[in-house]
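Notes follow the structure.
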Amino acid sequence: MGNLSDYLLGVNQRELERLQFQHSVWGPVTRRFFERLGAGKGWKCLDVGAGPGFVSNDLRQLVGQEGEVTALEPSELYLNWFKDSVSKKGWTNVKFVRGTAEQAPLPSRYFDLVFARWVIAFVPDPDLFLSRLVASMRVGGIIAFQDYYYEGLSLFPCGGAWDRMPDVVRAYYRSGEGDAFITGRLPAMFANHGLKLIDFTPTCLAGGPGSPVMEWAHQFFSIHTQHMVEKGIITQDEADALQSDWEAHRRNPNALFFSPLVVDVGGLLQL
């Protein structure tokens with residue numbers, strides 16, 4: 001992201017609360033990713049686009065007092081929220097940097113782990129973004145992304161207006177210069193930056209009405225479907241039809257929601 005105003009999903013208290021619920025749903029997937037990467041005590045970690053610090057909090061618990069976590073985040077609202085949380089815990093080894101990967105003064109050859117979840121998909125120049133992060137990693141360090149390959153999003157039973165929602169969301173990403181298929185590009189990008197691909201693991205979560213993953217989707221679409229109208233991606237009539245189909249599925253005890261693919265992509269920086 002070039003600057004904070006470019007962030008497609010907004011920065012406000014409602015979005016903070018949505019992000020908090022989102023972490024309750026997807027946090028276990030992220031923590032399993034860290035386990036596979038071997039992250040642990042004493043590691044120096046950079047959380048890129050840290051938001052209110054939900055992943056940074058998990059990383060701090062993982063690395064302990066011996067390690068270090070740097071939260072890089074352009075939003076003053078989110079960074080202050082996390083600062084307050086860290087202060088209440090009495091942690092002294094968490095750093096806060098307000099800015100973006102493209103602009104912030106990051107240390108050179110320093111971090112054992114650089115992580116970003118749902119960030120690189122929003123970046124207009126992902127190659128520049130990656131090069132800046134690689135420069136901050138020590139040789140033998142790991143860079144890890146958790147982001148979309150936007151296939152799989154669906155409702156069952158199918159056949160209604162909501163069937164076209166995947167295409168609508170992809171257009172929404174493009175409207176903000178993002179790429180909802182970014183993880184498909186990462187292996188080649190890693191190779192170009194001296195990174196050995198060590199993890200490529202897709203995850204789809206599914207559940208019916210009342211399930212955490214369907215509630216996660218509801219929180220997103222209840223806000224952003226109208227934003228899609230405002231951006232001219234769909235008409236108000238189309239948005240109403242999408243919303244009506246979604247609500248019908250939420251009332252159907254036999255309905256199922258399938259998330260889009262979220263892919264864990266890890267790379268090792270070689271000599």
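Starting from 1 in every chain, residues are counted up; chains themselves are A, B, ... following the order of the structure tokens, and ligands are numbered from 1 as listed.
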
Report task. Write out as a VMD selection string the residues lying within 12 Å of region 181-187 of chain A, counting only C-alpha atoms and excluding same-chain residues fewer than 2 positions away. Result -> chain A and resid 117 to 127 129 to 130 143 to 152 166 to 167 169 to 171 173 to 174 177 to 179 189 to 202 260 to 268

Requested in this report: Name all residues at most 10 Å from Val229 (chain A) (count only C-alpha atoms; drop same-chain ones fewer than 5 positions away) and give them as a ChimeraX atom specification.
Outcome: /A:172,224,234-239

Can you spit out the residues from that selection as an mmCIF file, in the first residue's frame, using N, CA and C atoms?
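Here's the written file result_14.cif:
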data_model
loop_
_atom_site.group_PDB
_atom_site.id
_atom_site.type_symbol
_atom_site.label_atom_id
_atom_site.label_comp_id
_atom_site.auth_asym_id
_atom_site.auth_seq_id
_atom_site.Cartn_x
_atom_site.Cartn_y
_atom_site.Cartn_z
ATOM 1 N N TYR A 172 -13.528 -6.057 -6.974
ATOM 2 C CA TYR A 172 -13.344 -5.154 -5.825
ATOM 3 C C TYR A 172 -11.859 -5.006 -5.516
ATOM 4 N N HIS A 224 -19.099 -4.634 3.076
ATOM 5 C CA HIS A 224 -18.410 -4.314 1.829
ATOM 6 C C HIS A 224 -19.257 -4.483 0.584
ATOM 7 N N ILE A 234 -20.975 -3.044 -8.794
ATOM 8 C CA ILE A 234 -22.312 -3.616 -8.972
ATOM 9 C C ILE A 234 -23.345 -2.519 -8.767
ATOM 10 N N THR A 235 -24.553 -2.769 -9.241
ATOM 11 C CA THR A 235 -25.641 -1.817 -9.025
ATOM 12 C C THR A 235 -26.305 -2.090 -7.673
ATOM 13 N N GLN A 236 -27.137 -1.164 -7.246
ATOM 14 C CA GLN A 236 -27.853 -1.375 -6.001
ATOM 15 C C GLN A 236 -28.798 -2.572 -6.100
ATOM 16 N N ASP A 237 -29.428 -2.741 -7.252
ATOM 17 C CA ASP A 237 -30.317 -3.894 -7.435
ATOM 18 C C ASP A 237 -29.534 -5.202 -7.338
ATOM 19 N N GLU A 238 -28.345 -5.234 -7.924
ATOM 20 C CA GLU A 238 -27.512 -6.438 -7.846
ATOM 21 C C GLU A 238 -27.075 -6.703 -6.406
ATOM 22 N N ALA A 239 -26.727 -5.632 -5.686
ATOM 23 C CA ALA A 239 -26.336 -5.788 -4.286
ATOM 24 C C ALA A 239 -27.504 -6.327 -3.465
#

Query raised in the report: Looking only at the backbone, which of the residues in region 138-192 of chain A does DSSP tag as strand (DSSP E or B), as a list in words?
Result: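 Selecting the strand (DSSP E or B) positions of region 138-192 of chain A gives Arg138, Val139, Gly140, Gly141, Ile142, Ile143, Ala144, Phe145, Gln146, Asp147, Tyr148, Tyr149, Ser154, Leu155 and Phe156 of chain A.
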
Query - Surrounding residues of Trp246 (chain A) excluding itself and chain neighbours under 2 positions, 12 Å, only C-alpha atoms, as a VMD selection string - result: chain A and resid 154 to 165 208 to 209 214 to 215 217 to 219 221 to 222 225 239 to 244 248 to 252 255 to 257

For N, CA and C atoms, I'd like the residues from the last selection saved as a tab-separated table (two decimals), in the first residue's frame.
chain	number	residue	atom	x	y	z
A	154	SER	N	-17.97	-19.99	-2.13
A	154	SER	CA	-19.25	-20.45	-2.64
A	154	SER	C	-20.24	-20.70	-1.52
A	155	LEU	N	-21.49	-20.76	-1.92
A	155	LEU	CA	-22.59	-21.15	-1.04
A	155	LEU	C	-23.25	-22.40	-1.60
A	156	PHE	N	-23.68	-23.27	-0.70
A	156	PHE	CA	-24.49	-24.42	-1.10
A	156	PHE	C	-25.81	-24.34	-0.31
A	157	PRO	N	-26.94	-24.53	-0.94
A	157	PRO	CA	-27.15	-24.83	-2.36
A	157	PRO	C	-26.78	-23.65	-3.26
A	158	CYS	N	-26.28	-23.97	-4.45
A	158	CYS	CA	-25.92	-22.93	-5.40
A	158	CYS	C	-27.10	-22.68	-6.35
A	159	GLY	N	-26.91	-21.75	-7.28
A	159	GLY	CA	-27.95	-21.46	-8.25
A	159	GLY	C	-28.60	-20.11	-8.10
A	160	GLY	N	-28.21	-19.36	-7.04
A	160	GLY	CA	-28.81	-18.05	-6.82
A	160	GLY	C	-27.87	-16.91	-7.21
A	161	ALA	N	-28.28	-15.70	-6.86
A	161	ALA	CA	-27.52	-14.51	-7.23
A	161	ALA	C	-26.11	-14.53	-6.66
A	162	TRP	N	-25.96	-15.17	-5.49
A	162	TRP	CA	-24.66	-15.14	-4.80
A	162	TRP	C	-23.58	-15.93	-5.54
A	163	ASP	N	-23.97	-16.72	-6.53
A	163	ASP	CA	-22.98	-17.48	-7.30
A	163	ASP	C	-21.96	-16.58	-7.98
A	164	ARG	N	-22.34	-15.34	-8.26
A	164	ARG	CA	-21.40	-14.45	-8.95
A	164	ARG	C	-20.54	-13.63	-7.98
A	165	MET	N	-20.70	-13.84	-6.67
A	165	MET	CA	-19.93	-13.05	-5.70
A	165	MET	C	-18.42	-13.20	-5.87
A	208	GLY	N	-21.82	-24.08	8.27
A	208	GLY	CA	-23.18	-23.64	8.02
A	208	GLY	C	-23.56	-22.44	8.86
A	209	PRO	N	-24.85	-22.08	8.84
A	209	PRO	CA	-25.32	-20.94	9.62
A	209	PRO	C	-24.93	-21.07	11.09
A	214	MET	N	-18.81	-18.78	8.71
A	214	MET	CA	-19.92	-18.11	8.02
A	214	MET	C	-20.19	-16.74	8.65
A	215	GLU	N	-20.00	-16.63	9.96
A	215	GLU	CA	-20.15	-15.33	10.61
A	215	GLU	C	-19.04	-14.38	10.16
A	217	ALA	N	-17.61	-14.38	7.24
A	217	ALA	CA	-18.01	-13.93	5.91
A	217	ALA	C	-19.14	-12.90	6.01
A	218	HIS	N	-20.09	-13.13	6.91
A	218	HIS	CA	-21.21	-12.20	7.06
A	218	HIS	C	-20.71	-10.82	7.47
A	219	GLN	N	-19.76	-10.77	8.39
A	219	GLN	CA	-19.24	-9.48	8.84
A	219	GLN	C	-18.58	-8.74	7.69
A	221	PHE	N	-19.18	-9.23	4.24
A	221	PHE	CA	-20.10	-8.87	3.15
A	221	PHE	C	-21.17	-7.88	3.58
A	222	SER	N	-21.54	-7.89	4.86
A	222	SER	CA	-22.55	-6.94	5.32
A	222	SER	C	-22.03	-5.50	5.26
A	225	THR	N	-20.39	-5.17	0.66
A	225	THR	CA	-21.25	-5.24	-0.52
A	225	THR	C	-21.71	-3.84	-0.92
A	239	ALA	N	-26.73	-5.63	-5.69
A	239	ALA	CA	-26.34	-5.79	-4.29
A	239	ALA	C	-27.50	-6.33	-3.47
A	240	ASP	N	-28.69	-5.82	-3.71
A	240	ASP	CA	-29.87	-6.29	-2.98
A	240	ASP	C	-30.12	-7.77	-3.25
A	241	ALA	N	-29.93	-8.19	-4.50
A	241	ALA	CA	-30.14	-9.60	-4.85
A	241	ALA	C	-29.08	-10.48	-4.17
A	242	LEU	N	-27.85	-10.03	-4.14
A	242	LEU	CA	-26.78	-10.76	-3.47
A	242	LEU	C	-27.09	-10.91	-1.98
A	243	GLN	N	-27.50	-9.81	-1.38
A	243	GLN	CA	-27.79	-9.82	0.05
A	243	GLN	C	-28.98	-10.71	0.37
A	244	SER	N	-30.00	-10.67	-0.48
A	244	SER	CA	-31.19	-11.50	-0.26
A	244	SER	C	-30.85	-12.99	-0.33
A	248	ALA	N	-31.00	-15.71	2.76
A	248	ALA	CA	-31.78	-16.95	2.61
A	248	ALA	C	-30.94	-18.16	3.02
A	249	HIS	N	-29.68	-18.15	2.68
A	249	HIS	CA	-28.79	-19.25	3.08
A	249	HIS	C	-28.54	-19.23	4.58
A	250	ARG	N	-28.45	-18.07	5.16
A	250	ARG	CA	-28.24	-17.99	6.61
A	250	ARG	C	-29.44	-18.53	7.40
A	251	ARG	N	-30.61	-18.50	6.78
A	251	ARG	CA	-31.82	-19.04	7.43
A	251	ARG	C	-32.00	-20.53	7.16
A	252	ASN	N	-31.24	-21.07	6.22
A	252	ASN	CA	-31.38	-22.47	5.83
A	252	ASN	C	-30.43	-23.34	6.66
A	255	ALA	N	-27.68	-25.16	4.74
A	255	ALA	CA	-26.77	-24.41	3.86
A	255	ALA	C	-25.33	-24.55	4.33
A	256	LEU	N	-24.40	-24.33	3.41
A	256	LEU	CA	-22.97	-24.35	3.73
A	256	LEU	C	-22.27	-23.19	3.04
A	257	PHE	N	-21.32	-22.61	3.73
A	257	PHE	CA	-20.46	-21.58	3.16
A	257	PHE	C	-19.05	-22.14	3.06

Near Leu133 (chain A), counting only C-alpha atoms, which residues have an atom at most 12 Å away, once you skip same-chain residues fewer than 2 positions from it, shown as a PDB file with N, CA and C atoms, in the first residue's frame?
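To be explicit, this is the file written out as result_25.pdb:
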ATOM      1  N   CYS A  45      11.075 -11.084  14.975  1.00  0.00           N
ATOM      2  CA  CYS A  45       9.991 -11.175  13.994  1.00  0.00           C
ATOM      3  C   CYS A  45       9.475  -9.801  13.598  1.00  0.00           C
ATOM      4  N   LEU A  46       9.145  -9.663  12.329  1.00  0.00           N
ATOM      5  CA  LEU A  46       8.499  -8.469  11.802  1.00  0.00           C
ATOM      6  C   LEU A  46       7.107  -8.843  11.320  1.00  0.00           C
ATOM      7  N   ASP A  47       6.089  -8.184  11.858  1.00  0.00           N
ATOM      8  CA  ASP A  47       4.705  -8.379  11.433  1.00  0.00           C
ATOM      9  C   ASP A  47       4.318  -7.185  10.567  1.00  0.00           C
ATOM     10  N   VAL A  48       4.169  -7.420   9.267  1.00  0.00           N
ATOM     11  CA  VAL A  48       3.953  -6.355   8.289  1.00  0.00           C
ATOM     12  C   VAL A  48       2.461  -6.119   8.100  1.00  0.00           C
ATOM     13  N   GLY A  49       2.036  -4.849   8.212  1.00  0.00           N
ATOM     14  CA  GLY A  49       0.609  -4.558   8.172  1.00  0.00           C
ATOM     15  C   GLY A  49      -0.065  -5.175   9.372  1.00  0.00           C
ATOM     16  N   LEU A  72       4.765  -3.411  12.228  1.00  0.00           N
ATOM     17  CA  LEU A  72       4.811  -2.357  11.214  1.00  0.00           C
ATOM     18  C   LEU A  72       3.396  -2.106  10.717  1.00  0.00           C
ATOM     19  N   THR A 100       4.754   1.952   6.113  1.00  0.00           N
ATOM     20  CA  THR A 100       4.557   0.824   5.203  1.00  0.00           C
ATOM     21  C   THR A 100       5.904   0.190   4.887  1.00  0.00           C
ATOM     22  N   ALA A 101       5.875  -1.013   4.359  1.00  0.00           N
ATOM     23  CA  ALA A 101       7.112  -1.702   3.996  1.00  0.00           C
ATOM     24  C   ALA A 101       7.898  -0.911   2.955  1.00  0.00           C
ATOM     25  N   GLU A 102       7.185  -0.234   2.064  1.00  0.00           N
ATOM     26  CA  GLU A 102       7.853   0.507   0.999  1.00  0.00           C
ATOM     27  C   GLU A 102       8.573   1.747   1.525  1.00  0.00           C
ATOM     28  N   GLN A 103       8.119   2.305   2.662  1.00  0.00           N
ATOM     29  CA  GLN A 103       8.617   3.601   3.120  1.00  0.00           C
ATOM     30  C   GLN A 103       9.334   3.565   4.462  1.00  0.00           C
ATOM     31  N   ALA A 104       9.064   2.601   5.298  1.00  0.00           N
ATOM     32  CA  ALA A 104       9.612   2.593   6.659  1.00  0.00           C
ATOM     33  C   ALA A 104      11.110   2.289   6.669  1.00  0.00           C
ATOM     34  N   PRO A 105      11.846   2.867   7.615  1.00  0.00           N
ATOM     35  CA  PRO A 105      13.286   2.576   7.741  1.00  0.00           C
ATOM     36  C   PRO A 105      13.508   1.266   8.486  1.00  0.00           C
ATOM     37  N   LEU A 106      13.504   0.168   7.771  1.00  0.00           N
ATOM     38  CA  LEU A 106      13.677  -1.151   8.369  1.00  0.00           C
ATOM     39  C   LEU A 106      15.158  -1.481   8.496  1.00  0.00           C
ATOM     40  N   PRO A 107      15.547  -2.223   9.532  1.00  0.00           N
ATOM     41  CA  PRO A 107      16.950  -2.629   9.661  1.00  0.00           C
ATOM     42  C   PRO A 107      17.343  -3.601   8.558  1.00  0.00           C
ATOM     43  N   SER A 108      18.627  -3.661   8.267  1.00  0.00           N
ATOM     44  CA  SER A 108      19.139  -4.538   7.218  1.00  0.00           C
ATOM     45  C   SER A 108      19.595  -5.866   7.800  1.00  0.00           C
ATOM     46  N   ARG A 109      19.215  -6.977   7.112  1.00  0.00           N
ATOM     47  CA  ARG A 109      19.667  -8.327   7.478  1.00  0.00           C
ATOM     48  C   ARG A 109      19.482  -8.601   8.972  1.00  0.00           C
ATOM     49  N   TYR A 110      18.266  -8.420   9.454  1.00  0.00           N
ATOM     50  CA  TYR A 110      18.017  -8.437  10.898  1.00  0.00           C
ATOM     51  C   TYR A 110      17.031  -9.515  11.349  1.00  0.00           C
ATOM     52  N   PHE A 111      15.922  -9.679  10.631  1.00  0.00           N
ATOM     53  CA  PHE A 111      14.815 -10.486  11.146  1.00  0.00           C
ATOM     54  C   PHE A 111      14.968 -11.973  10.805  1.00  0.00           C
ATOM     55  N   ASP A 112      14.572 -12.806  11.782  1.00  0.00           N
ATOM     56  CA  ASP A 112      14.499 -14.255  11.561  1.00  0.00           C
ATOM     57  C   ASP A 112      13.226 -14.634  10.816  1.00  0.00           C
ATOM     58  N   LEU A 113      12.162 -13.867  11.048  1.00  0.00           N
ATOM     59  CA  LEU A 113      10.877 -14.129  10.401  1.00  0.00           C
ATOM     60  C   LEU A 113      10.220 -12.816  10.021  1.00  0.00           C
ATOM     61  N   VAL A 114       9.825 -12.716   8.767  1.00  0.00           N
ATOM     62  CA  VAL A 114       9.010 -11.599   8.283  1.00  0.00           C
ATOM     63  C   VAL A 114       7.677 -12.189   7.851  1.00  0.00           C
ATOM     64  N   PHE A 115       6.584 -11.647   8.399  1.00  0.00           N
ATOM     65  CA  PHE A 115       5.266 -12.222   8.150  1.00  0.00           C
ATOM     66  C   PHE A 115       4.281 -11.142   7.733  1.00  0.00           C
ATOM     67  N   ALA A 116       3.396 -11.501   6.799  1.00  0.00           N
ATOM     68  CA  ALA A 116       2.304 -10.600   6.411  1.00  0.00           C
ATOM     69  C   ALA A 116       1.078 -11.430   6.059  1.00  0.00           C
ATOM     70  N   ILE A 120      -0.123  -8.381   1.104  1.00  0.00           N
ATOM     71  CA  ILE A 120       0.493  -8.261  -0.222  1.00  0.00           C
ATOM     72  C   ILE A 120      -0.551  -8.269  -1.337  1.00  0.00           C
ATOM     73  N   PRO A 126       3.861  -5.440  -5.805  1.00  0.00           N
ATOM     74  CA  PRO A 126       4.299  -6.490  -4.887  1.00  0.00           C
ATOM     75  C   PRO A 126       5.785  -6.825  -4.993  1.00  0.00           C
ATOM     76  N   ASP A 127       6.391  -6.607  -6.154  1.00  0.00           N
ATOM     77  CA  ASP A 127       7.815  -6.888  -6.292  1.00  0.00           C
ATOM     78  C   ASP A 127       8.644  -5.921  -5.446  1.00  0.00           C
ATOM     79  N   LEU A 128       8.296  -4.659  -5.461  1.00  0.00           N
ATOM     80  CA  LEU A 128       8.962  -3.673  -4.611  1.00  0.00           C
ATOM     81  C   LEU A 128       8.738  -3.994  -3.142  1.00  0.00           C
ATOM     82  N   PHE A 129       7.514  -4.320  -2.806  1.00  0.00           N
ATOM     83  CA  PHE A 129       7.151  -4.698  -1.436  1.00  0.00           C
ATOM     84  C   PHE A 129       8.021  -5.863  -0.960  1.00  0.00           C
ATOM     85  N   LEU A 130       8.139  -6.902  -1.788  1.00  0.00           N
ATOM     86  CA  LEU A 130       8.923  -8.072  -1.417  1.00  0.00           C
ATOM     87  C   LEU A 130      10.406  -7.733  -1.290  1.00  0.00           C
ATOM     88  N   SER A 131      10.926  -6.945  -2.202  1.00  0.00           N
ATOM     89  CA  SER A 131      12.353  -6.625  -2.168  1.00  0.00           C
ATOM     90  C   SER A 131      12.720  -5.869  -0.900  1.00  0.00           C
ATOM     91  N   ALA A 135      15.280  -7.462   2.105  1.00  0.00           N
ATOM     92  CA  ALA A 135      16.468  -6.726   2.565  1.00  0.00           C
ATOM     93  C   ALA A 135      16.548  -6.655   4.082  1.00  0.00           C
ATOM     94  N   SER A 136      15.409  -6.810   4.758  1.00  0.00           N
ATOM     95  CA  SER A 136      15.395  -6.732   6.224  1.00  0.00           C
ATOM     96  C   SER A 136      15.645  -8.082   6.893  1.00  0.00           C
ATOM     97  N   MET A 137      15.733  -9.163   6.101  1.00  0.00           N
ATOM     98  CA  MET A 137      15.882 -10.517   6.642  1.00  0.00           C
ATOM     99  C   MET A 137      17.347 -10.899   6.761  1.00  0.00           C
ATOM    100  N   ARG A 138      17.673 -11.642   7.804  1.00  0.00           N
ATOM    101  CA  ARG A 138      19.013 -12.236   7.865  1.00  0.00           C
ATOM    102  C   ARG A 138      19.071 -13.413   6.894  1.00  0.00           C
ATOM    103  N   GLY A 141      16.962 -16.573   7.220  1.00  0.00           N
ATOM    104  CA  GLY A 141      15.659 -16.193   7.761  1.00  0.00           C
ATOM    105  C   GLY A 141      14.525 -16.619   6.850  1.00  0.00           C
ATOM    106  N   ILE A 142      13.314 -16.459   7.361  1.00  0.00           N
ATOM    107  CA  ILE A 142      12.118 -16.924   6.648  1.00  0.00           C
ATOM    108  C   ILE A 142      11.164 -15.759   6.415  1.00  0.00           C
ATOM    109  N   ILE A 143      10.616 -15.709   5.211  1.00  0.00           N
ATOM    110  CA  ILE A 143       9.525 -14.787   4.925  1.00  0.00           C
ATOM    111  C   ILE A 143       8.270 -15.620   4.702  1.00  0.00           C
ATOM    112  N   ALA A 144       7.157 -15.156   5.241  1.00  0.00           N
ATOM    113  CA  ALA A 144       5.932 -15.956   5.204  1.00  0.00           C
ATOM    114  C   ALA A 144       4.737 -15.060   4.909  1.00  0.00           C
ATOM    115  N   PHE A 145       3.968 -15.463   3.927  1.00  0.00           N
ATOM    116  CA  PHE A 145       2.753 -14.755   3.566  1.00  0.00           C
ATOM    117  C   PHE A 145       1.554 -15.677   3.738  1.00  0.00           C
ATOM    118  N   PHE A 190       9.495 -15.409  -5.352  1.00  0.00           N
ATOM    119  CA  PHE A 190      10.485 -15.872  -4.377  1.00  0.00           C
ATOM    120  C   PHE A 190      11.793 -16.244  -5.080  1.00  0.00           C
ATOM    121  N   HIS A 193      14.050 -13.501  -5.978  1.00  0.00           N
ATOM    122  CA  HIS A 193      14.643 -12.760  -4.858  1.00  0.00           C
ATOM    123  C   HIS A 193      15.512 -13.639  -3.964  1.00  0.00           C
ATOM    124  N   LEU A 195      14.913 -16.626  -2.708  1.00  0.00           N
ATOM    125  CA  LEU A 195      14.173 -17.328  -1.664  1.00  0.00           C
ATOM    126  C   LEU A 195      13.832 -18.742  -2.120  1.00  0.00           C
ATOM    127  N   GLY A 267       9.186 -18.809   2.482  1.00  0.00           N
ATOM    128  CA  GLY A 267      10.429 -18.840   1.729  1.00  0.00           C
ATOM    129  C   GLY A 267      11.634 -18.645   2.629  1.00  0.00           C
ATOM    130  N   LEU A 269      15.568 -17.459   2.955  1.00  0.00           N
ATOM    131  CA  LEU A 269      16.558 -16.616   2.282  1.00  0.00           C
ATOM    132  C   LEU A 269      17.903 -17.329   2.259  1.00  0.00           C
TER     133      LEU A 269
END
